[in-house]
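Dumped model-v1.cif below, it's mmCIF, N, CA and C atoms:
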```
data_structure
loop_
_atom_site.label_atom_id
_atom_site.label_comp_id
_atom_site.auth_asym_id
_atom_site.auth_seq_id
_atom_site.Cartn_x
_atom_site.Cartn_y
_atom_site.Cartn_z
N MET A 1 -148.02 45.11 -97.50
CA MET A 1 -148.59 46.29 -98.13
C MET A 1 -147.51 46.94 -99.00
N ALA A 2 -147.87 47.30 -100.21
CA ALA A 2 -146.92 47.92 -101.13
C ALA A 2 -146.57 49.33 -100.68
N ARG A 3 -145.33 49.65 -100.88
CA ARG A 3 -144.85 50.98 -100.52
C ARG A 3 -145.39 52.01 -101.52
N PRO A 4 -146.06 53.07 -101.08
CA PRO A 4 -146.58 54.05 -102.04
C PRO A 4 -145.43 54.81 -102.70
N ASN A 5 -145.60 55.12 -103.97
CA ASN A 5 -144.57 55.91 -104.63
C ASN A 5 -145.12 57.30 -104.94
N GLN A 6 -144.23 58.17 -105.34
CA GLN A 6 -144.59 59.56 -105.56
C GLN A 6 -144.96 59.86 -107.00
N TYR A 7 -144.96 58.87 -107.86
CA TYR A 7 -145.13 59.14 -109.27
C TYR A 7 -146.41 59.93 -109.56
N HIS A 8 -147.54 59.39 -109.10
CA HIS A 8 -148.83 60.02 -109.46
C HIS A 8 -149.00 61.39 -108.80
N ALA A 9 -148.40 61.59 -107.65
CA ALA A 9 -148.54 62.87 -106.96
C ALA A 9 -147.51 63.90 -107.41
N VAL A 10 -146.28 63.48 -107.65
CA VAL A 10 -145.19 64.42 -107.91
C VAL A 10 -144.83 64.52 -109.39
N VAL A 11 -144.76 63.39 -110.06
CA VAL A 11 -144.22 63.39 -111.42
C VAL A 11 -145.32 63.57 -112.47
N GLU A 12 -146.36 62.78 -112.39
CA GLU A 12 -147.38 62.79 -113.44
C GLU A 12 -147.98 64.18 -113.71
N PRO A 13 -148.28 64.98 -112.70
CA PRO A 13 -148.83 66.32 -112.98
C PRO A 13 -147.85 67.26 -113.69
N LYS A 14 -146.57 66.89 -113.70
CA LYS A 14 -145.54 67.77 -114.27
C LYS A 14 -144.95 67.23 -115.57
N LEU A 15 -145.63 66.34 -116.23
CA LEU A 15 -145.07 65.73 -117.45
C LEU A 15 -144.77 66.77 -118.53
N GLU A 16 -145.64 67.75 -118.70
CA GLU A 16 -145.39 68.79 -119.72
C GLU A 16 -144.17 69.63 -119.34
N ASP A 17 -144.04 69.94 -118.05
CA ASP A 17 -142.86 70.67 -117.59
C ASP A 17 -141.59 69.86 -117.82
N ILE A 18 -141.69 68.56 -117.58
CA ILE A 18 -140.54 67.67 -117.78
C ILE A 18 -140.13 67.67 -119.25
N LYS A 19 -141.11 67.60 -120.16
CA LYS A 19 -140.81 67.66 -121.59
C LYS A 19 -140.08 68.96 -121.93
N ALA A 20 -140.57 70.06 -121.39
CA ALA A 20 -139.96 71.36 -121.67
C ALA A 20 -138.53 71.42 -121.14
N LEU A 21 -138.31 70.91 -119.94
CA LEU A 21 -136.97 70.90 -119.35
C LEU A 21 -136.02 70.05 -120.19
N ARG A 22 -136.52 68.93 -120.65
CA ARG A 22 -135.68 68.04 -121.45
C ARG A 22 -135.33 68.70 -122.78
N LYS A 23 -136.29 69.41 -123.38
CA LYS A 23 -136.03 70.12 -124.63
C LYS A 23 -134.99 71.21 -124.45
N GLN A 24 -134.93 71.77 -123.24
CA GLN A 24 -133.93 72.79 -122.94
C GLN A 24 -132.54 72.17 -122.76
N GLY A 25 -132.50 70.85 -122.74
CA GLY A 25 -131.22 70.17 -122.64
C GLY A 25 -130.82 69.79 -121.22
N LEU A 26 -131.74 69.92 -120.25
CA LEU A 26 -131.41 69.55 -118.88
C LEU A 26 -131.18 68.05 -118.78
N SER A 27 -130.23 67.69 -117.96
CA SER A 27 -129.92 66.28 -117.74
C SER A 27 -131.00 65.64 -116.86
N LEU A 28 -131.02 64.32 -116.85
CA LEU A 28 -131.97 63.61 -115.99
C LEU A 28 -131.72 63.96 -114.53
N GLU A 29 -130.46 64.10 -114.17
CA GLU A 29 -130.11 64.44 -112.79
C GLU A 29 -130.70 65.79 -112.38
N LYS A 30 -130.59 66.79 -113.27
CA LYS A 30 -131.13 68.13 -112.98
C LYS A 30 -132.65 68.09 -112.90
N ILE A 31 -133.28 67.31 -113.79
CA ILE A 31 -134.74 67.19 -113.76
C ILE A 31 -135.17 66.54 -112.46
N ALA A 32 -134.47 65.50 -112.05
CA ALA A 32 -134.80 64.84 -110.77
C ALA A 32 -134.69 65.82 -109.62
N GLN A 33 -133.64 66.65 -109.62
CA GLN A 33 -133.48 67.65 -108.56
C GLN A 33 -134.65 68.62 -108.55
N LYS A 34 -135.08 69.07 -109.73
CA LYS A 34 -136.20 70.01 -109.81
C LYS A 34 -137.49 69.38 -109.29
N LEU A 35 -137.61 68.07 -109.43
CA LEU A 35 -138.79 67.36 -108.94
C LEU A 35 -138.63 66.93 -107.48
N ASP A 36 -137.47 67.24 -106.90
CA ASP A 36 -137.15 66.83 -105.54
C ASP A 36 -137.16 65.31 -105.39
N LEU A 37 -136.57 64.66 -106.40
CA LEU A 37 -136.43 63.20 -106.41
C LEU A 37 -134.96 62.84 -106.53
N LYS A 38 -134.66 61.61 -106.21
CA LYS A 38 -133.32 61.10 -106.47
C LYS A 38 -133.31 60.57 -107.91
N LEU A 39 -132.14 60.59 -108.52
CA LEU A 39 -132.02 60.13 -109.90
C LEU A 39 -132.50 58.69 -110.04
N ARG A 40 -132.18 57.85 -109.06
CA ARG A 40 -132.60 56.45 -109.17
C ARG A 40 -134.12 56.32 -109.12
N GLN A 41 -134.81 57.22 -108.38
CA GLN A 41 -136.27 57.20 -108.38
C GLN A 41 -136.81 57.55 -109.77
N LEU A 42 -136.25 58.60 -110.35
CA LEU A 42 -136.70 59.02 -111.67
C LEU A 42 -136.46 57.91 -112.69
N THR A 43 -135.31 57.26 -112.60
CA THR A 43 -134.98 56.17 -113.52
C THR A 43 -135.95 55.01 -113.33
N TYR A 44 -136.28 54.70 -112.10
CA TYR A 44 -137.25 53.63 -111.81
C TYR A 44 -138.61 53.98 -112.40
N TYR A 45 -139.07 55.22 -112.16
CA TYR A 45 -140.37 55.64 -112.70
C TYR A 45 -140.37 55.61 -114.22
N ARG A 46 -139.24 55.97 -114.81
CA ARG A 46 -139.13 55.98 -116.27
C ARG A 46 -139.34 54.57 -116.82
N LYS A 47 -138.78 53.57 -116.15
CA LYS A 47 -138.93 52.18 -116.60
C LYS A 47 -140.36 51.68 -116.36
N SER A 48 -141.02 52.23 -115.34
CA SER A 48 -142.33 51.73 -114.95
C SER A 48 -143.50 52.46 -115.63
N PHE A 49 -143.27 53.69 -116.06
CA PHE A 49 -144.36 54.50 -116.60
C PHE A 49 -143.98 55.02 -118.00
N PRO A 50 -144.60 54.46 -119.04
CA PRO A 50 -144.25 54.84 -120.41
C PRO A 50 -144.44 56.33 -120.71
N ASP A 51 -145.43 56.96 -120.07
CA ASP A 51 -145.63 58.39 -120.35
C ASP A 51 -144.45 59.23 -119.87
N LEU A 52 -143.81 58.84 -118.79
CA LEU A 52 -142.61 59.54 -118.32
C LEU A 52 -141.45 59.29 -119.26
N ASP A 53 -141.31 58.04 -119.70
CA ASP A 53 -140.24 57.72 -120.64
C ASP A 53 -140.39 58.55 -121.91
N GLU A 54 -141.62 58.69 -122.39
CA GLU A 54 -141.87 59.51 -123.58
C GLU A 54 -141.52 60.98 -123.33
N ALA A 55 -141.85 61.49 -122.15
CA ALA A 55 -141.55 62.88 -121.82
C ALA A 55 -140.04 63.14 -121.74
N LEU A 56 -139.30 62.13 -121.30
CA LEU A 56 -137.86 62.29 -121.15
C LEU A 56 -137.09 62.07 -122.45
N ASN A 57 -137.72 61.47 -123.43
CA ASN A 57 -137.07 61.25 -124.73
C ASN A 57 -137.43 62.38 -125.67
N THR A 58 -136.52 63.32 -125.85
CA THR A 58 -136.77 64.40 -126.81
C THR A 58 -136.25 63.96 -128.17
N PRO A 59 -137.06 64.12 -129.18
CA PRO A 59 -136.60 63.76 -130.52
C PRO A 59 -135.36 64.57 -130.89
N SER A 60 -134.43 63.94 -131.58
CA SER A 60 -133.17 64.61 -131.89
C SER A 60 -133.38 65.83 -132.77
N ASP A 61 -134.39 65.83 -133.63
CA ASP A 61 -134.66 67.00 -134.47
C ASP A 61 -135.03 68.21 -133.62
N GLU A 62 -135.82 67.97 -132.57
CA GLU A 62 -136.19 69.07 -131.69
C GLU A 62 -134.97 69.61 -130.94
N VAL A 63 -134.11 68.71 -130.50
CA VAL A 63 -132.90 69.12 -129.80
C VAL A 63 -132.02 69.94 -130.75
N LYS A 64 -131.84 69.45 -131.98
CA LYS A 64 -131.04 70.18 -132.96
C LYS A 64 -131.63 71.56 -133.24
N GLN A 65 -132.95 71.64 -133.36
CA GLN A 65 -133.60 72.93 -133.60
C GLN A 65 -133.38 73.87 -132.42
N THR A 66 -133.45 73.35 -131.22
CA THR A 66 -133.21 74.16 -130.02
C THR A 66 -131.78 74.66 -130.01
N GLU A 67 -130.83 73.79 -130.36
CA GLU A 67 -129.42 74.19 -130.42
C GLU A 67 -129.20 75.26 -131.48
N ARG A 68 -129.82 75.10 -132.65
CA ARG A 68 -129.68 76.11 -133.71
C ARG A 68 -130.27 77.44 -133.26
N SER A 69 -131.41 77.39 -132.62
CA SER A 69 -132.06 78.61 -132.15
C SER A 69 -131.19 79.30 -131.09
N ALA A 70 -130.63 78.52 -130.19
CA ALA A 70 -129.76 79.09 -129.16
C ALA A 70 -128.52 79.72 -129.80
N TYR A 71 -127.95 79.06 -130.79
CA TYR A 71 -126.78 79.60 -131.49
C TYR A 71 -127.14 80.92 -132.19
N PHE A 72 -128.28 80.95 -132.88
CA PHE A 72 -128.71 82.16 -133.57
C PHE A 72 -128.90 83.31 -132.58
N ASN A 73 -129.58 83.04 -131.47
CA ASN A 73 -129.80 84.07 -130.46
C ASN A 73 -128.49 84.57 -129.87
N ARG A 74 -127.57 83.66 -129.64
CA ARG A 74 -126.26 84.05 -129.11
C ARG A 74 -125.54 84.97 -130.08
N GLN A 75 -125.55 84.61 -131.37
CA GLN A 75 -124.90 85.44 -132.38
C GLN A 75 -125.56 86.81 -132.48
N LYS A 76 -126.87 86.81 -132.44
CA LYS A 76 -127.61 88.08 -132.53
C LYS A 76 -127.26 88.98 -131.35
N ASN A 77 -127.26 88.41 -130.16
CA ASN A 77 -126.93 89.20 -128.97
C ASN A 77 -125.47 89.66 -128.99
N TYR A 78 -124.58 88.79 -129.44
CA TYR A 78 -123.17 89.14 -129.53
C TYR A 78 -122.98 90.32 -130.49
N ASN A 79 -123.58 90.23 -131.66
CA ASN A 79 -123.42 91.30 -132.65
C ASN A 79 -124.03 92.60 -132.16
N SER A 80 -125.16 92.51 -131.48
CA SER A 80 -125.80 93.71 -130.94
C SER A 80 -124.93 94.36 -129.87
N LEU A 81 -124.40 93.57 -128.95
CA LEU A 81 -123.53 94.09 -127.90
C LEU A 81 -122.26 94.68 -128.50
N ARG A 82 -121.70 93.98 -129.46
CA ARG A 82 -120.47 94.47 -130.11
C ARG A 82 -120.72 95.83 -130.76
N SER A 83 -121.83 95.96 -131.45
CA SER A 83 -122.17 97.23 -132.10
C SER A 83 -122.36 98.32 -131.06
N PHE A 84 -123.05 97.99 -129.97
CA PHE A 84 -123.28 98.97 -128.92
C PHE A 84 -121.96 99.44 -128.30
N ILE A 85 -121.08 98.51 -128.01
CA ILE A 85 -119.79 98.87 -127.41
C ILE A 85 -119.01 99.79 -128.35
N ARG A 86 -119.01 99.46 -129.63
CA ARG A 86 -118.24 100.26 -130.59
C ARG A 86 -118.82 101.65 -130.80
N THR A 87 -120.14 101.78 -130.80
CA THR A 87 -120.74 103.04 -131.25
C THR A 87 -121.38 103.89 -130.15
N GLN A 88 -121.83 103.29 -129.07
CA GLN A 88 -122.63 104.05 -128.12
C GLN A 88 -122.16 104.00 -126.68
N SER A 89 -121.32 103.05 -126.32
CA SER A 89 -120.96 102.91 -124.91
C SER A 89 -120.03 104.04 -124.46
N THR A 90 -120.16 104.38 -123.20
CA THR A 90 -119.30 105.41 -122.61
C THR A 90 -117.99 104.76 -122.16
N PRO A 91 -116.96 105.56 -121.90
CA PRO A 91 -115.71 104.97 -121.38
C PRO A 91 -115.94 104.17 -120.09
N GLU A 92 -116.82 104.65 -119.25
CA GLU A 92 -117.11 103.93 -117.99
C GLU A 92 -117.75 102.58 -118.27
N GLU A 93 -118.67 102.55 -119.24
CA GLU A 93 -119.31 101.28 -119.59
C GLU A 93 -118.30 100.31 -120.18
N ARG A 94 -117.42 100.79 -121.05
CA ARG A 94 -116.40 99.91 -121.63
C ARG A 94 -115.48 99.36 -120.54
N GLU A 95 -115.14 100.21 -119.57
CA GLU A 95 -114.31 99.75 -118.46
C GLU A 95 -115.02 98.65 -117.67
N GLU A 96 -116.30 98.82 -117.45
CA GLU A 96 -117.08 97.81 -116.73
C GLU A 96 -117.15 96.50 -117.52
N TYR A 97 -117.35 96.56 -118.85
CA TYR A 97 -117.35 95.35 -119.67
C TYR A 97 -116.01 94.64 -119.58
N PHE A 98 -114.93 95.43 -119.66
CA PHE A 98 -113.59 94.86 -119.58
C PHE A 98 -113.37 94.19 -118.23
N ARG A 99 -113.84 94.84 -117.18
CA ARG A 99 -113.72 94.27 -115.82
C ARG A 99 -114.47 92.94 -115.75
N LEU A 100 -115.67 92.88 -116.31
CA LEU A 100 -116.46 91.65 -116.30
C LEU A 100 -115.74 90.53 -117.06
N ILE A 101 -115.14 90.89 -118.18
CA ILE A 101 -114.39 89.91 -118.97
C ILE A 101 -113.22 89.37 -118.17
N LEU A 102 -112.50 90.26 -117.51
CA LEU A 102 -111.34 89.83 -116.72
C LEU A 102 -111.75 88.94 -115.55
N GLU A 103 -112.91 89.20 -114.97
CA GLU A 103 -113.37 88.36 -113.85
C GLU A 103 -113.57 86.92 -114.29
N LYS A 104 -114.01 86.72 -115.52
CA LYS A 104 -114.27 85.37 -116.03
C LYS A 104 -113.04 84.72 -116.63
N ALA A 105 -112.01 85.51 -116.92
CA ALA A 105 -110.84 85.00 -117.65
C ALA A 105 -109.93 84.16 -116.77
N ASP A 106 -109.34 83.13 -117.37
CA ASP A 106 -108.31 82.39 -116.66
C ASP A 106 -106.95 83.03 -116.99
N GLN A 107 -105.89 82.51 -116.41
CA GLN A 107 -104.57 83.13 -116.56
C GLN A 107 -104.07 83.15 -118.00
N SER A 108 -104.36 82.12 -118.76
CA SER A 108 -103.91 82.11 -120.16
C SER A 108 -104.63 83.20 -120.96
N GLU A 109 -105.90 83.42 -120.66
CA GLU A 109 -106.63 84.50 -121.33
C GLU A 109 -106.06 85.86 -120.94
N VAL A 110 -105.75 86.03 -119.66
CA VAL A 110 -105.18 87.30 -119.20
C VAL A 110 -103.87 87.58 -119.92
N ARG A 111 -103.03 86.54 -120.08
CA ARG A 111 -101.77 86.72 -120.81
C ARG A 111 -102.04 87.14 -122.26
N ARG A 112 -103.02 86.51 -122.90
CA ARG A 112 -103.36 86.89 -124.27
C ARG A 112 -103.86 88.32 -124.34
N PHE A 113 -104.67 88.73 -123.36
CA PHE A 113 -105.19 90.11 -123.33
C PHE A 113 -104.04 91.10 -123.17
N LYS A 114 -103.10 90.77 -122.29
CA LYS A 114 -101.94 91.66 -122.09
C LYS A 114 -101.14 91.78 -123.39
N ALA A 115 -100.95 90.67 -124.10
CA ALA A 115 -100.22 90.71 -125.36
C ALA A 115 -100.99 91.54 -126.39
N MET A 116 -102.31 91.41 -126.43
CA MET A 116 -103.12 92.21 -127.35
C MET A 116 -102.97 93.69 -127.04
N ILE A 117 -103.01 94.05 -125.76
CA ILE A 117 -102.88 95.45 -125.37
C ILE A 117 -101.50 95.97 -125.74
N SER A 118 -100.48 95.16 -125.52
CA SER A 118 -99.12 95.55 -125.88
C SER A 118 -99.00 95.78 -127.39
N ASP A 119 -99.54 94.86 -128.19
CA ASP A 119 -99.52 95.01 -129.65
C ASP A 119 -100.29 96.25 -130.08
N PHE A 120 -101.42 96.48 -129.44
CA PHE A 120 -102.23 97.66 -129.77
C PHE A 120 -101.45 98.93 -129.48
N ASP A 121 -100.79 98.98 -128.31
CA ASP A 121 -99.98 100.15 -127.95
C ASP A 121 -98.87 100.39 -128.97
N LYS A 122 -98.19 99.32 -129.39
CA LYS A 122 -97.11 99.46 -130.38
C LYS A 122 -97.65 100.02 -131.70
N GLN A 123 -98.77 99.48 -132.16
CA GLN A 123 -99.36 99.96 -133.41
C GLN A 123 -99.83 101.40 -133.29
N HIS A 124 -100.43 101.73 -132.17
CA HIS A 124 -100.92 103.09 -131.93
C HIS A 124 -99.76 104.07 -131.90
N ASN A 125 -98.67 103.71 -131.21
CA ASN A 125 -97.50 104.57 -131.13
C ASN A 125 -96.83 104.73 -132.50
N ALA A 126 -96.82 103.67 -133.28
CA ALA A 126 -96.24 103.75 -134.62
C ALA A 126 -97.03 104.70 -135.51
N LYS A 127 -98.34 104.70 -135.37
CA LYS A 127 -99.18 105.61 -136.14
C LYS A 127 -98.94 107.06 -135.75
N ILE A 128 -98.76 107.29 -134.46
CA ILE A 128 -98.53 108.65 -133.96
C ILE A 128 -97.18 109.17 -134.47
N GLU A 129 -96.18 108.30 -134.49
CA GLU A 129 -94.82 108.71 -134.94
C GLU A 129 -94.78 108.94 -136.45
N SER A 130 -95.69 108.35 -137.21
CA SER A 130 -95.66 108.50 -138.67
C SER A 130 -96.14 109.84 -139.14
#
```

Written form, structure tokens:
Amino acid sequence: MARPNQYHAVVEPKLEDIKALRKQGLSLEKIAQKLDLKLRQLTYYRKSFPDLDEALNTPSDEVKQTERSAYFNRQKNYNSLRSFIRTQSTPEEREEYFRLILEKADQSEVRRFKAMISDFDKQHNAKIES
């Protein structure tokens, strides 16, 4: 007796979701995890079922468009946050942003930040003395 597989019960009903995940740039491994499958199962199903193979193959133009859109949104959000920090944020909010940045920074970044602060202090003091 042939061993039943999960394709028709687990994978086939989610083909549209799989296409969307792939367009978002998720790896096959991550998609398999979301389906509660092992990567080798997903790979086997991909070879056996053309509709799954089609869902997992995102056209490169769509991927490029997604990347461009993500870049545009990132720039838009960056510029908006930058403007907010410069014009509307309170000292407490700026301190919190700085704290968040430091939490993510590695040691080389921290050294660069310290050098920037030192340079800023020197320039600020020079302006005051003038």

Review point. Need the neighbours of (-131.3, 74.5, -123.5): which residues are at most 8 Å away, counting all atoms listed in the file, as a list in words?
Key: Leu21, Arg22, Lys23, Gln24, Gly25, Leu26, Thr66, Glu67 and Ala70 of chain A

Restricting it to N, CA and C atoms, dump the selection as a PDB file, in the frame of the given file.
```pdb
ATOM      1  N   LEU A  21    -138.310  70.910-119.940  1.00  0.00           N
ATOM      2  CA  LEU A  21    -136.970  70.900-119.350  1.00  0.00           C
ATOM      3  C   LEU A  21    -136.020  70.050-120.190  1.00  0.00           C
ATOM      4  N   ARG A  22    -136.520  68.930-120.650  1.00  0.00           N
ATOM      5  CA  ARG A  22    -135.680  68.040-121.450  1.00  0.00           C
ATOM      6  C   ARG A  22    -135.330  68.700-122.780  1.00  0.00           C
ATOM      7  N   LYS A  23    -136.290  69.410-123.380  1.00  0.00           N
ATOM      8  CA  LYS A  23    -136.030  70.120-124.630  1.00  0.00           C
ATOM      9  C   LYS A  23    -134.990  71.210-124.450  1.00  0.00           C
ATOM     10  N   GLN A  24    -134.930  71.770-123.240  1.00  0.00           N
ATOM     11  CA  GLN A  24    -133.930  72.790-122.940  1.00  0.00           C
ATOM     12  C   GLN A  24    -132.540  72.170-122.760  1.00  0.00           C
ATOM     13  N   GLY A  25    -132.500  70.850-122.740  1.00  0.00           N
ATOM     14  CA  GLY A  25    -131.220  70.170-122.640  1.00  0.00           C
ATOM     15  C   GLY A  25    -130.820  69.790-121.220  1.00  0.00           C
ATOM     16  N   LEU A  26    -131.740  69.920-120.250  1.00  0.00           N
ATOM     17  CA  LEU A  26    -131.410  69.550-118.880  1.00  0.00           C
ATOM     18  C   LEU A  26    -131.180  68.050-118.780  1.00  0.00           C
ATOM     19  N   THR A  66    -133.450  73.350-131.220  1.00  0.00           N
ATOM     20  CA  THR A  66    -133.210  74.160-130.020  1.00  0.00           C
ATOM     21  C   THR A  66    -131.780  74.660-130.010  1.00  0.00           C
ATOM     22  N   GLU A  67    -130.830  73.790-130.360  1.00  0.00           N
ATOM     23  CA  GLU A  67    -129.420  74.190-130.420  1.00  0.00           C
ATOM     24  C   GLU A  67    -129.200  75.260-131.480  1.00  0.00           C
ATOM     25  N   ALA A  70    -130.630  78.520-130.190  1.00  0.00           N
ATOM     26  CA  ALA A  70    -129.760  79.090-129.160  1.00  0.00           C
ATOM     27  C   ALA A  70    -128.520  79.720-129.800  1.00  0.00           C
TER      28      ALA A  70
END
```

Give me the box for range 72-88 of chain A as lines of an AutoDock Vina configuration file, namely the centre and edge lengths in Å to one decimal of a box along x, y and z that holds every listed atom plus 8 Å on each side.
```
center_x = -124.0
center_y = 92.5
center_z = -130.1
size_x = 27.6
size_y = 39.1
size_z = 22.9
```

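Comparing the minimum interatomic distances between Leu52 in chain A and each of A:Asp36, A:Asp106, A:Glu93, A:Glu12, counting all atoms listed in the file, we find that A:Glu12 sits nearest.
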
**Study point:** Hits from the PyMOL selection byres (((chain A and resi 39-50 and name CA) around 12) and name CA), listed as a PyMOL selection string
**Key:** chain A and resi 5-8+10-12+15+18+27-38+51-57

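Coordinates place atom C of Tyr71 in chain A at a distance of 28.8 Å from CA of Glu92 in chain A.
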
Exercise for review: Using backbone DSSP assignments, extract all helix (DSSP H, G or I) residues from chain A; output them as a PyMOL selection string.
Suggested key: chain A and resi 7-23+28-34+39-48+50-56+60-87+91-104+107-129

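With atom N of Gln123 in chain A on one side and atom C of Asn77 in chain A on the other, the separation reads 28.6 Å.
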
Check your understanding: Leaving out Arg94 in chain A and any residue of its chain fewer than 5 positions from it, which residues lie within 12 Å of it when counting only C-alpha atoms, given as a PyMOL selection string?
Key -> chain A and resi 81-82+84-89+99-101

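Taking atom N of Met116 in chain A and atom N of Gln75 in chain A as the two end points, the separation is 24.7 Å.
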